[in-house]
>>> print(open('protein-v7.txt').read())   # compact mmCIF, C-alpha atoms
# COMPACT_ATOMS: atom_id res chain seq x y z
CA MET A 154 -91.12 32.97 86.08
CA ALA A 155 -93.34 31.01 88.36
CA THR A 156 -93.65 27.29 87.77
CA VAL A 157 -97.00 25.58 87.70
CA LEU A 158 -97.11 22.75 90.17
CA SER A 159 -98.07 19.51 88.55
CA GLY A 160 -99.34 16.29 90.03
CA ILE A 161 -95.80 14.99 90.35
CA SER A 162 -95.35 17.29 93.34
CA GLY A 163 -98.33 15.85 95.16
CA ALA A 164 -98.58 13.08 97.73
CA LEU A 165 -101.03 11.44 100.10
CA TYR A 166 -100.11 10.80 103.72
CA TYR A 167 -102.26 9.04 106.26
CA LYS A 168 -102.60 8.17 109.93
CA PRO A 169 -104.71 5.03 110.31
CA ALA A 170 -108.15 4.97 111.85
CA GLY A 171 -108.70 3.84 115.41
CA THR A 172 -105.20 4.76 116.50
CA LYS A 173 -105.86 7.47 119.04
CA ALA A 174 -107.07 6.78 122.54
CA THR A 175 -107.14 8.41 125.94
CA LEU A 176 -106.60 6.52 129.16
CA GLY A 177 -106.42 7.21 132.87
CA GLU A 178 -104.11 6.08 135.62
CA LEU A 179 -106.19 2.98 136.24
CA ASP A 180 -105.76 1.96 132.61
CA VAL A 181 -102.01 1.63 133.12
CA ASN A 182 -100.92 -1.64 134.64
CA ALA A 183 -97.33 -1.34 135.82
CA THR A 184 -97.33 -4.94 137.00
CA ASN A 185 -98.13 -6.43 133.60
CA ASP A 186 -96.71 -3.53 131.55
CA THR A 187 -100.05 -3.16 129.74
CA PHE A 188 -102.20 -0.23 128.73
CA TYR A 189 -105.95 -0.41 128.33
CA VAL A 190 -106.64 1.69 125.23
CA GLY A 191 -110.16 0.47 124.55
CA THR A 192 -111.60 -2.46 122.66
CA ASN A 193 -112.12 -2.67 118.90
CA MET A 194 -109.57 -0.01 118.07
CA GLY A 195 -107.44 -0.05 114.93
CA PHE A 196 -103.98 -0.45 116.45
CA ARG A 197 -101.78 -3.02 114.76
CA VAL A 198 -98.54 -4.66 115.76
CA GLY A 199 -95.65 -2.44 114.75
CA ASP A 200 -97.60 0.82 114.68
CA PRO A 201 -95.43 3.75 115.78
CA ILE A 202 -97.11 5.61 118.64
CA LYS A 203 -96.42 8.45 121.01
CA PHE A 204 -97.72 9.20 124.46
CA SER A 205 -98.82 12.59 125.70
CA ILE A 206 -101.07 14.16 128.29
CA VAL A 207 -104.15 15.96 127.04
CA ASN A 208 -106.86 18.07 128.58
CA THR A 209 -109.95 16.23 127.40
CA GLN A 210 -112.09 19.29 128.00
CA THR A 211 -110.12 21.69 125.82
CA GLY A 212 -108.31 19.22 123.61
CA GLY A 213 -105.05 20.99 124.40
CA THR A 214 -102.03 19.94 126.37
CA GLY A 215 -102.87 18.65 129.82
CA THR A 216 -100.99 18.41 133.06
CA GLY A 217 -99.63 15.34 134.78
CA THR A 218 -96.80 12.85 134.60
CA LEU A 219 -96.47 10.03 132.10
CA PRO A 220 -96.01 6.54 133.47
CA SER A 221 -92.37 5.86 134.12
CA SER A 222 -90.31 5.38 131.99
CA LEU A 223 -92.30 6.76 129.06
CA VAL A 224 -90.99 9.90 127.40
CA GLY A 225 -93.39 12.09 125.44
CA ALA A 226 -90.93 12.84 122.68
CA ASN A 227 -90.09 9.20 122.07
CA THR A 228 -91.71 6.95 119.52
CA TYR A 229 -92.84 3.54 120.77
CA TYR A 230 -94.15 0.61 118.81
CA VAL A 231 -97.20 -1.54 119.40
CA LEU A 232 -95.98 -4.96 120.43
CA THR A 233 -99.36 -6.54 121.07
CA TYR A 234 -102.93 -5.30 120.99
CA SER A 235 -106.09 -7.27 121.59
CA THR A 236 -109.28 -5.88 120.08
CA SER A 237 -111.31 -7.97 122.53
CA THR A 238 -109.57 -6.96 125.76
CA GLY A 239 -108.30 -3.55 124.64
CA LEU A 240 -104.91 -4.25 126.23
CA MET A 241 -101.71 -3.08 124.56
CA THR A 242 -98.06 -3.68 125.20
CA ILE A 243 -95.39 -1.54 123.66
CA SER A 244 -91.73 -1.57 122.86
CA SER A 245 -89.16 1.15 122.36
CA THR A 246 -88.09 -0.55 119.13
CA SER A 247 -90.19 -2.24 116.50
CA GLY A 248 -90.53 -5.88 117.52
CA GLY A 249 -88.29 -5.33 120.53
CA ALA A 250 -88.72 -6.21 124.19
CA VAL A 251 -91.75 -5.14 126.20
CA GLU A 252 -91.31 -1.66 127.61
CA ASP A 253 -91.02 -1.93 131.37
CA VAL A 254 -93.59 0.38 132.96
CA THR A 255 -92.65 1.00 136.56
CA ASN A 256 -95.54 3.18 137.70
CA ASP A 257 -98.98 4.35 136.56
CA GLY A 258 -98.07 7.97 136.13
CA THR A 259 -100.29 10.80 137.33
CA VAL A 260 -103.30 12.42 135.68
CA THR A 261 -106.32 13.84 137.44
CA GLY A 262 -109.69 15.29 136.49
CA VAL A 263 -110.01 16.22 132.84
CA ASN A 264 -106.41 15.29 132.15
CA LYS A 265 -105.76 11.97 130.48
CA PHE A 266 -102.91 10.10 128.91
CA GLN A 267 -103.20 9.98 125.16
CA VAL A 268 -101.68 7.38 122.90
CA ALA A 269 -101.75 8.19 119.22
CA TYR A 270 -100.18 7.11 115.94
CA SER A 271 -96.99 9.14 115.83
CA GLU A 272 -96.13 10.04 112.26
CA PHE A 273 -97.94 10.31 108.98
CA GLY A 274 -97.13 7.49 106.60
CA VAL A 275 -96.96 7.93 102.86
CA VAL A 276 -99.54 6.11 100.82
CA SER A 277 -97.20 5.14 98.03
CA GLU A 278 -99.91 3.37 96.06
CA ALA A 279 -102.04 6.51 95.77
CA ARG A 280 -102.84 7.45 92.20
CA ASP A 281 -104.66 10.70 92.91
CA TRP A 282 -106.55 12.61 95.53
CA SER A 283 -109.05 15.41 95.51
CA ILE A 284 -110.85 17.50 98.07
CA GLU A 285 -113.70 19.91 97.70
CA VAL A 286 -114.03 22.52 100.38
CA SER A 287 -117.32 24.35 100.61
CA ARG A 288 -119.34 26.59 102.84
CA ALA A 289 -123.05 26.87 103.27
CA GLU A 290 -124.76 30.17 102.58
CA ILE A 291 -127.93 31.14 104.37
CA ASP A 292 -130.37 33.20 102.36
CA VAL A 293 -131.40 36.26 104.37
CA THR A 294 -132.96 38.22 101.54
CA ALA A 295 -135.59 40.55 102.90
CA ILE A 296 -138.73 41.34 100.96
CA GLY A 297 -139.97 44.84 100.50
CA GLN A 298 -136.83 46.29 98.94
CA ALA A 299 -137.24 49.49 96.96
CA LEU A 300 -137.47 48.58 93.30
CA GLY A 301 -135.25 50.35 90.81
CA GLN A 302 -134.24 49.81 87.21
CA TYR A 303 -132.60 46.45 87.94
CA VAL A 304 -133.82 43.46 89.88
CA PRO A 305 -132.82 43.33 93.56
CA PHE A 306 -130.15 40.81 94.55
CA ARG A 307 -130.50 38.14 97.15
CA GLN A 308 -128.43 38.46 100.33
CA TYR A 309 -126.63 35.70 102.19
CA ILE A 310 -124.76 35.19 105.42
CA SER A 311 -122.20 32.49 106.09
CA GLY A 312 -123.25 29.05 107.23
CA PHE A 313 -121.07 26.09 108.11
CA GLY A 314 -118.00 24.93 106.26
CA ASP A 315 -117.74 21.41 104.94
CA ALA A 316 -115.56 19.32 102.74
CA ASN A 317 -115.54 16.08 100.85
CA GLY A 318 -112.52 14.25 99.62
CA SER A 319 -111.60 11.26 97.57
CA ALA A 320 -108.52 9.30 96.65
CA THR A 321 -107.75 6.53 94.24
CA VAL A 322 -105.27 3.91 95.30
CA TYR A 323 -103.96 0.87 93.50
CA PHE A 324 -104.56 -2.51 95.09
CA THR A 325 -101.20 -4.24 95.27
CA ASP A 326 -99.81 -7.62 96.32
CA GLU A 327 -97.95 -5.97 99.19
CA ASP A 328 -99.54 -7.19 102.42
CA ALA A 329 -98.32 -4.24 104.49
CA SER A 330 -99.51 -1.67 101.96
CA PHE A 331 -100.85 1.46 103.61
CA ALA A 332 -103.49 1.64 100.89
CA ASN A 333 -104.84 -1.75 101.92
CA ARG A 334 -105.14 -0.49 105.48
CA ILE A 335 -107.14 2.57 104.40
CA ILE A 336 -109.58 0.32 102.61
CA GLN A 337 -110.11 -1.81 105.70
CA ASP A 338 -110.37 1.29 107.87
CA VAL A 339 -113.54 2.31 106.03
CA LEU A 340 -115.54 -0.27 107.96
CA LEU A 341 -113.75 0.29 111.26
CA ARG A 342 -116.38 1.47 113.73
CA LYS A 343 -114.00 3.61 115.77
CA GLN A 344 -112.19 5.76 113.25
CA VAL A 345 -110.73 8.22 115.77
CA GLY A 346 -107.24 9.21 114.74
CA ALA A 347 -107.77 8.77 110.99
CA THR A 348 -106.04 11.76 109.46
CA MET A 349 -105.23 12.69 105.89
CA LYS A 350 -102.42 14.97 104.86
CA LEU A 351 -102.85 15.96 101.27
CA TYR A 352 -99.71 17.43 99.77
CA MET A 353 -99.94 19.68 96.73
CA ASP A 354 -96.19 20.18 96.93
CA ARG A 355 -94.15 17.75 98.98
CA VAL A 356 -90.58 18.91 99.48
CA GLU A 357 -87.91 17.01 101.37
CA SER A 358 -84.83 18.18 103.20
CA ALA A 359 -82.17 15.72 104.25
CA GLY A 360 -84.36 12.83 103.27
CA VAL A 361 -87.45 13.73 105.28
CA VAL A 362 -90.51 15.73 104.36
CA ASP A 363 -89.93 19.37 105.23
CA ASP A 364 -93.31 20.87 106.06
CA THR A 365 -91.85 24.36 106.18
CA LYS A 366 -91.16 24.06 102.45
CA SER A 367 -94.18 21.98 101.51
CA ARG A 368 -97.80 22.88 100.87
CA SER A 369 -100.58 20.70 102.18
CA ILE A 370 -104.09 20.33 103.51
CA GLN A 371 -104.58 18.35 106.69
CA THR A 372 -107.71 17.09 108.30
CA GLU A 373 -108.95 14.37 110.59
CA VAL A 374 -111.30 12.31 108.52
CA THR A 375 -114.09 9.83 108.55
CA LEU A 376 -113.68 7.31 105.78
CA THR A 377 -117.09 6.86 104.25
CA SER A 378 -116.72 4.48 101.34
CA ALA A 379 -114.37 2.37 99.27
CA SER A 380 -115.25 1.31 95.79
CA PHE A 381 -113.31 -1.57 94.29
CA ASN A 382 -112.71 -1.62 90.57
CA VAL A 383 -111.59 -5.00 89.29
CA ASN A 384 -111.79 -5.81 85.61
CA PRO A 385 -109.61 -7.70 83.15
CA ASP A 386 -108.38 -4.59 81.36
CA ASP A 387 -107.14 -2.24 84.06
CA ALA A 388 -104.96 -2.20 87.12
CA GLN A 389 -107.03 -2.92 90.20
CA SER A 390 -107.89 0.28 91.97
CA ILE A 391 -110.01 1.46 94.84
CA SER A 392 -111.76 4.80 95.08
CA ILE A 393 -111.97 6.00 98.67
CA ASN A 394 -114.22 8.77 99.86
CA PHE A 395 -113.80 10.68 103.08
CA ARG A 396 -115.06 13.75 104.82
CA PRO A 397 -113.47 15.80 107.57
CA SER A 398 -114.34 15.00 111.15
CA ALA A 399 -112.74 18.24 112.34
CA ALA A 400 -111.74 21.55 110.85
CA VAL A 401 -109.59 21.47 107.75
CA SER A 402 -106.24 23.20 108.11
CA PHE A 403 -104.39 24.68 105.18
CA ASP A 404 -100.64 25.08 104.92
CA LEU A 405 -100.36 26.67 101.52
CA MET A 406 -97.29 28.80 102.09
CA THR A 407 -93.68 27.85 102.57
CA THR A 408 -93.12 30.15 105.50
CA MET B 27 -86.80 27.43 82.46
CA ASN B 28 -83.64 25.43 82.93
CA TYR B 29 -83.70 22.98 80.04
CA GLN B 30 -80.20 21.78 80.82
CA SER B 31 -81.02 20.75 84.36
CA ILE B 32 -84.05 18.80 83.19
CA ARG B 33 -81.98 16.98 80.60
CA ALA B 34 -79.26 16.29 83.14
CA LYS B 35 -81.71 14.85 85.65
CA ILE B 36 -82.73 12.21 83.14
CA GLU B 37 -79.46 11.62 81.30
CA ALA B 38 -77.06 11.44 84.24
CA PRO B 39 -78.52 8.37 85.97
CA LEU B 40 -78.88 6.54 82.66
CA LEU B 41 -75.27 7.24 81.78
CA SER B 42 -74.14 6.15 85.21
CA ALA B 43 -76.12 2.92 85.07
CA TYR B 44 -74.85 1.84 81.65
CA ASN B 45 -71.29 2.91 82.44
CA SER B 46 -71.42 0.73 85.55
CA GLU B 47 -72.03 -2.38 83.48
CA VAL B 48 -69.07 -4.69 82.88
CA PRO B 49 -68.04 -4.05 80.19
CA SER B 50 -69.55 -0.58 80.14
CA ILE B 51 -72.20 0.09 77.53
CA PRO B 52 -71.73 3.27 75.45
CA VAL B 53 -74.64 5.71 75.63
CA TYR B 54 -75.29 8.22 72.87
CA PHE B 55 -77.46 11.20 73.70
CA ASP B 56 -79.02 13.84 71.47
CA ASN B 57 -76.64 15.46 68.99
CA ILE B 58 -73.98 12.81 69.51
CA THR B 59 -73.42 10.74 66.40
CA ALA B 60 -73.65 7.07 67.12
CA VAL B 61 -71.54 5.03 64.79
CA PRO B 62 -72.66 1.42 64.93
CA PRO B 63 -69.52 -0.49 65.90
CA ASP B 64 -68.15 -3.08 63.53
CA PRO B 65 -68.24 -5.86 64.54
CA PRO B 66 -71.62 -5.11 66.21
CA LYS B 67 -71.43 -4.35 69.92
CA GLU B 68 -73.99 -3.19 72.44
CA TYR B 69 -74.87 0.47 72.74
CA VAL B 70 -77.75 2.67 73.81
CA ARG B 71 -79.34 5.76 72.33
CA VAL B 72 -81.23 8.20 74.54
CA ASN B 73 -83.37 10.98 73.11
CA ILE B 74 -85.15 13.59 75.15
CA ILE B 75 -87.93 15.51 73.51
CA PHE B 76 -89.24 18.70 75.00
CA GLY B 77 -92.93 19.08 74.36
CA LEU B 78 -94.86 21.90 75.94
CA THR B 79 -92.78 23.91 78.37
CA THR B 80 -95.11 26.76 79.25
CA GLU B 81 -98.73 27.37 80.15
CA SER B 82 -100.33 30.53 78.90
CA THR B 83 -102.29 32.71 81.25
CA LEU B 84 -104.36 35.80 80.60
CA ASP B 85 -101.51 37.87 81.99
CA GLY B 86 -98.43 36.09 80.63
CA SER B 87 -97.19 32.55 80.92
CA LEU B 88 -95.96 30.07 83.49
CA ASP B 89 -93.30 27.37 83.30
CA TYR B 90 -94.61 23.85 83.06
CA ALA B 91 -92.30 21.46 81.24
CA ARG B 92 -93.45 18.22 79.69
CA GLY B 93 -91.83 15.97 77.15
CA ALA B 94 -90.88 12.45 76.23
CA LEU B 95 -87.93 10.16 76.79
CA ILE B 96 -87.01 7.54 74.21
CA ILE B 97 -84.45 4.87 75.00
CA ARG B 98 -83.28 2.44 72.35
CA CYS B 99 -81.00 -0.45 73.22
CA PHE B 100 -78.92 -2.06 70.50
CA ALA B 101 -77.67 -5.61 70.88
CA PRO B 102 -75.95 -7.76 68.22
CA LYS B 103 -78.33 -9.77 66.07
CA GLY B 104 -78.52 -13.51 66.14
CA SER B 105 -78.29 -14.12 69.89
CA GLY B 106 -81.93 -13.87 70.86
CA PRO B 107 -83.74 -11.04 72.64
CA ALA B 108 -82.44 -11.72 76.15
CA ARG B 109 -79.48 -9.35 76.21
CA CYS B 110 -81.46 -6.53 74.63
CA GLN B 111 -84.19 -7.04 77.23
CA GLN B 112 -81.61 -6.92 80.01
CA MET B 113 -80.42 -3.58 78.69
CA VAL B 114 -84.00 -2.27 78.52
CA ALA B 115 -84.64 -3.54 82.04
CA LEU B 116 -81.69 -1.51 83.27
CA ALA B 117 -83.26 1.64 81.82
CA LYS B 118 -86.54 0.75 83.49
CA GLU B 119 -84.75 0.43 86.84
CA VAL B 120 -83.23 3.86 86.36
CA ILE B 121 -86.67 5.31 85.65
CA ASP B 122 -88.09 3.61 88.74
CA THR B 123 -85.33 5.11 90.86
CA LEU B 124 -85.84 8.52 89.33
CA ASN B 125 -89.56 8.32 90.06
CA SER B 126 -89.00 7.34 93.67
CA THR B 127 -86.64 10.25 94.23
CA ARG B 128 -88.38 12.94 96.22
CA LYS B 129 -88.50 16.60 95.45
CA THR B 130 -86.08 18.93 97.15
CA SER B 131 -86.39 22.66 97.11
CA THR B 132 -83.05 23.35 95.51
CA SER B 133 -83.12 21.16 92.47
CA THR B 134 -85.05 20.45 89.33
CA TYR B 135 -87.63 17.77 89.89
CA VAL B 136 -88.43 15.30 87.13
CA ARG B 137 -90.85 12.41 87.07
CA LEU B 138 -91.59 10.04 84.25
CA GLY B 139 -94.99 8.68 83.44
CA GLN B 140 -96.10 5.32 82.15
CA ILE B 141 -93.50 3.40 80.23
CA THR B 142 -94.50 2.26 76.77
CA GLY B 143 -92.76 -0.85 75.55
CA PRO B 144 -90.40 -2.47 75.24
CA SER B 145 -90.95 -2.96 71.56
CA PHE B 146 -88.38 -4.87 69.54
CA GLN B 147 -87.23 -4.69 65.97
CA ALA B 148 -84.67 -6.55 63.89
CA PRO B 149 -84.17 -4.38 60.77
CA GLU B 150 -82.93 -6.43 57.82
CA ASP B 151 -80.22 -3.98 56.76
CA PHE B 152 -78.95 -3.28 60.26
CA PRO B 153 -76.60 -5.46 62.33
CA HIS B 154 -78.41 -4.88 65.63
CA PHE B 155 -81.53 -6.09 67.38
CA VAL B 156 -83.24 -2.98 68.77
CA GLY B 157 -85.37 -2.67 71.89
CA ARG B 158 -87.19 0.57 72.61
CA ILE B 159 -89.07 2.04 75.53
CA ASP B 160 -90.46 5.51 75.87
CA ALA B 161 -92.19 7.51 78.53
CA GLY B 162 -93.59 10.95 79.00
CA TRP B 163 -92.03 13.18 81.62
CA GLN B 164 -92.97 16.24 83.63
CA ALA B 165 -90.59 18.58 85.37
CA SER B 166 -90.56 21.58 87.62
CA ALA B 167 -87.37 23.56 87.11
CA LYS B 168 -86.37 26.81 88.75
>>> encode(input="protein-v7.txt", output="structure tokens")
Amino acid sequence: MATVLSGISGALYYKPAGTKATLGELDVNATNDTFYVGTNMGFRVGDPIKFSIVNTQTGGTGTGTLPSSLVGANTYYVLTYSTSTGLMTISSTSGGAVEDVTNDGTVTGVNKFQVAYSEFGVVSEARDWSIEVSRAEIDVTAIGQALGQYVPFRQYISGFGDANGSATVYFTDEDASFANRIIQDVLLRKQVGATMKLYMDRVESAGVVDDTKSRSIQTEVTLTSASFNVNPDDAQSISINFRPSAAVSFDLMTT
Amino acid sequence: MNYQSIRAKIEAPLLSAYNSEVPSIPVYFDNITAVPPDPPKEYVRVNIIFGLTTESTLDGSLDYARGALIIRCFAPKGSGPARCQQMVALAKEVIDTLNSTRKTSTSTYVRLGQITGPSFQAPEDFPHFVGRIDAGWQASAK
């Protein structure tokens, strides 16, 4: 007999806002081991990041060579980032030594280096989440239909898809809480990179989330509001609203 | 519905935790007669109640198990509430651990809800001070 999934199988995962940037060869400084990723981004010290090469025209994989000695498959960690200068240094371990960059790498034309938050992080303070997916319908009913015994029906064609989501998170005394970061991300001007992964059924294998056995909805998001609820009777909570900034992808099967 | 696996998921870590105490604390589960030791010594009673275990549909029914867990800790009277609270706190730690354990595809998955209590009683005709917590649970069992 099938088992109804309950809320205990759900989870909320998040990639912080302002943690995806593209840069060219000139933005890599092999002398100072710095990367110019843009000012006023949301990178924070200790953020896990990965480098790749993207085709900025298609959004797909680009061609070129990463600065030496960066490896696309490796996770690096933000060592320093200045919102005013946009300069970042990285390390191969969290809080480790500055990664020695020995050349600027090679990208030309529409190809750019991309630095982005590497892995989704679980929002362990999340109480619930919801998402409403909808599509617009355009009324194309024509007048002049032949009248019969029953009234004629309206006709529609498909419009655009849309979605709105929300989540409730508890406000805790943990400074590094991911929930706290989401709340602050609402007012971040550059929210590129903010991504929600909403699990209906999170299943782990060998201690890590196994997406081949889990069911989820994933979308890049724009965080639109955060509503604080502080009163003497209840646990402090924050309601966060978001909407997709790109197409929503569904992974509802375990195959 | 695998009732046994749900029960085991909750009972096993509690038994392990209390058995690991020095000296170990006896745990009595459902359908095990607890004889209050004389002279009074510490012990724990654990009861698991199955509430609704199915959801009806128009075409049949689906498994969806929910119930309640009741843990009562018995400590000798006359020595204050501290020891009884320590025993209750141990149960709370077990519940926390159980709730932070992630779901795997091959096993029954149980999570407990909000913990009510502890509430304490010192019955006049009973040699023990009793602390009780309870919590609802949900489970998905293959």
>>> atom_distance(input="protein-v7.txt", atom1="atom CA of B:Ala43", atom2="atom CA of B:Gln147")
23.4 Å
>>> atom_distance(input="protein-v7.txt", atom1="atom CA of A:Val374", atom2="atom CA of A:Tyr230")
23.2 Å
>>> closest_residue(input="protein-v7.txt", among="A:Ser378, A:Gln302, A:Ser367, A:Thr242", to="A:Asn182", atoms="all atoms listed in the file")
A:Thr242
>>> residues_around(input="protein-v7.txt", residues="A:Gly346", least_positions_apart="3", cutoff="7 Å", atoms="only C-alpha atoms", output="PyMOL selection string")
chain A and resi 168-173+373
>>> closest_residue(input="protein-v7.txt", among="A:Asn384, A:Thr214, A:Thr261, A:Thr294", to="A:Phe306", atoms="all atoms listed in the file")
A:Thr294
>>> closest_residue(input="protein-v7.txt", among="A:Gly258, A:Gly163, A:Gly212, A:Pro305", to="A:Arg355", atoms="all atoms listed in the file")
A:Gly163
>>> interface_residues(input="protein-v7.txt", of="chain B", to="chain A", cutoff="12 Å", atoms="all atoms listed in the file", output="ChimeraX atom specification")
/B:27-28,79-83,86-92,124-139,163-168
>>> atom_distance(input="protein-v7.txt", atom1="atom CA of A:Ala347", atom2="atom CA of A:Leu219")
24.0 Å
>>> axis_aligned_box(input="protein-v7.txt", around="stretch 70-82 of chain B", padding_each_side="8 Å", output="JSON")
{"center_x": -89.0, "center_y": 16.6, "center_z": 76.2, "size_x": 38.6, "size_y": 43.9, "size_z": 23.8}
>>> closest_residue(input="protein-v7.txt", among="B:Asp85, B:Asp160, B:Asp151, B:Asp122", to="B:Val72", atoms="all atoms listed in the file")
B:Asp160
>>> closest_residue(input="protein-v7.txt", among="B:Pro149, B:Gly77, B:Gly157, B:Pro49", to="B:Cys110", atoms="only C-alpha atoms")
B:Gly157
>>> residues_around(input="protein-v7.txt", residues="B:Lys118", least_positions_apart="3", cutoff="12 Å", atoms="only C-alpha atoms", output="NGL selection string")
:B and (39-40 or 43-44 or 95-99 or 111-115 or 121-125 or 138-144 or 158-161)
>>> write_last_selection(input="protein-v7.txt", atoms="C-alpha atoms", output="PDB file, keeping the file's coordinate frame")
ATOM      1  CA  PRO B  39     -78.520   8.370  85.970  1.00  0.00           C
ATOM      2  CA  LEU B  40     -78.880   6.540  82.660  1.00  0.00           C
ATOM      3  CA  ALA B  43     -76.120   2.920  85.070  1.00  0.00           C
ATOM      4  CA  TYR B  44     -74.850   1.840  81.650  1.00  0.00           C
ATOM      5  CA  LEU B  95     -87.930  10.160  76.790  1.00  0.00           C
ATOM      6  CA  ILE B  96     -87.010   7.540  74.210  1.00  0.00           C
ATOM      7  CA  ILE B  97     -84.450   4.870  75.000  1.00  0.00           C
ATOM      8  CA  ARG B  98     -83.280   2.440  72.350  1.00  0.00           C
ATOM      9  CA  CYS B  99     -81.000  -0.450  73.220  1.00  0.00           C
ATOM     10  CA  GLN B 111     -84.190  -7.040  77.230  1.00  0.00           C
ATOM     11  CA  GLN B 112     -81.610  -6.920  80.010  1.00  0.00           C
ATOM     12  CA  MET B 113     -80.420  -3.580  78.690  1.00  0.00           C
ATOM     13  CA  VAL B 114     -84.000  -2.270  78.520  1.00  0.00           C
ATOM     14  CA  ALA B 115     -84.640  -3.540  82.040  1.00  0.00           C
ATOM     15  CA  ILE B 121     -86.670   5.310  85.650  1.00  0.00           C
ATOM     16  CA  ASP B 122     -88.090   3.610  88.740  1.00  0.00           C
ATOM     17  CA  THR B 123     -85.330   5.110  90.860  1.00  0.00           C
ATOM     18  CA  LEU B 124     -85.840   8.520  89.330  1.00  0.00           C
ATOM     19  CA  ASN B 125     -89.560   8.320  90.060  1.00  0.00           C
ATOM     20  CA  LEU B 138     -91.590  10.040  84.250  1.00  0.00           C
ATOM     21  CA  GLY B 139     -94.990   8.680  83.440  1.00  0.00           C
ATOM     22  CA  GLN B 140     -96.100   5.320  82.150  1.00  0.00           C
ATOM     23  CA  ILE B 141     -93.500   3.400  80.230  1.00  0.00           C
ATOM     24  CA  THR B 142     -94.500   2.260  76.770  1.00  0.00           C
ATOM     25  CA  GLY B 143     -92.760  -0.850  75.550  1.00  0.00           C
ATOM     26  CA  PRO B 144     -90.400  -2.470  75.240  1.00  0.00           C
ATOM     27  CA  ARG B 158     -87.190   0.570  72.610  1.00  0.00           C
ATOM     28  CA  ILE B 159     -89.070   2.040  75.530  1.00  0.00           C
ATOM     29  CA  ASP B 160     -90.460   5.510  75.870  1.00  0.00           C
ATOM     30  CA  ALA B 161     -92.190   7.510  78.530  1.00  0.00           C
TER      31      ALA B 161
END
>>> residues_around(input="protein-v7.txt", residues="A:Arg307", least_positions_apart="5", cutoff="9 Å", atoms="only C-alpha atoms", output="number ranges by chain")
A: 292-295
>>> closest_residue(input="protein-v7.txt", among="B:Leu84, B:Val61, B:Lys35, B:Phe146", to="B:Lys103", atoms="all atoms listed in the file")
B:Phe146
>>> residues_around(input="protein-v7.txt", residues="A:Ala316", least_positions_apart="4", cutoff="10 Å", atoms="all atoms listed in the file", output="PyMOL selection string")
chain A and resi 284-288+372+395-398+400-401
>>> write_last_selection(input="protein-v7.txt", atoms="C-alpha atoms", output="PDB file, keeping the file's coordinate frame")
ATOM      1  CA  ILE A 284    -110.850  17.500  98.070  1.00  0.00           C
ATOM      2  CA  GLU A 285    -113.700  19.910  97.700  1.00  0.00           C
ATOM      3  CA  VAL A 286    -114.030  22.520 100.380  1.00  0.00           C
ATOM      4  CA  SER A 287    -117.320  24.350 100.610  1.00  0.00           C
ATOM      5  CA  ARG A 288    -119.340  26.590 102.840  1.00  0.00           C
ATOM      6  CA  THR A 372    -107.710  17.090 108.300  1.00  0.00           C
ATOM      7  CA  PHE A 395    -113.800  10.680 103.080  1.00  0.00           C
ATOM      8  CA  ARG A 396    -115.060  13.750 104.820  1.00  0.00           C
ATOM      9  CA  PRO A 397    -113.470  15.800 107.570  1.00  0.00           C
ATOM     10  CA  SER A 398    -114.340  15.000 111.150  1.00  0.00           C
ATOM     11  CA  ALA A 400    -111.740  21.550 110.850  1.00  0.00           C
ATOM     12  CA  VAL A 401    -109.590  21.470 107.750  1.00  0.00           C
TER      13      VAL A 401
END
>>> residues_near_point(input="protein-v7.txt", point="(-71.2, -1.3, 73.7)", cutoff="6 Å", atoms="all atoms listed in the file", output="ChimeraX atom specification")
/B:51-52,67-69
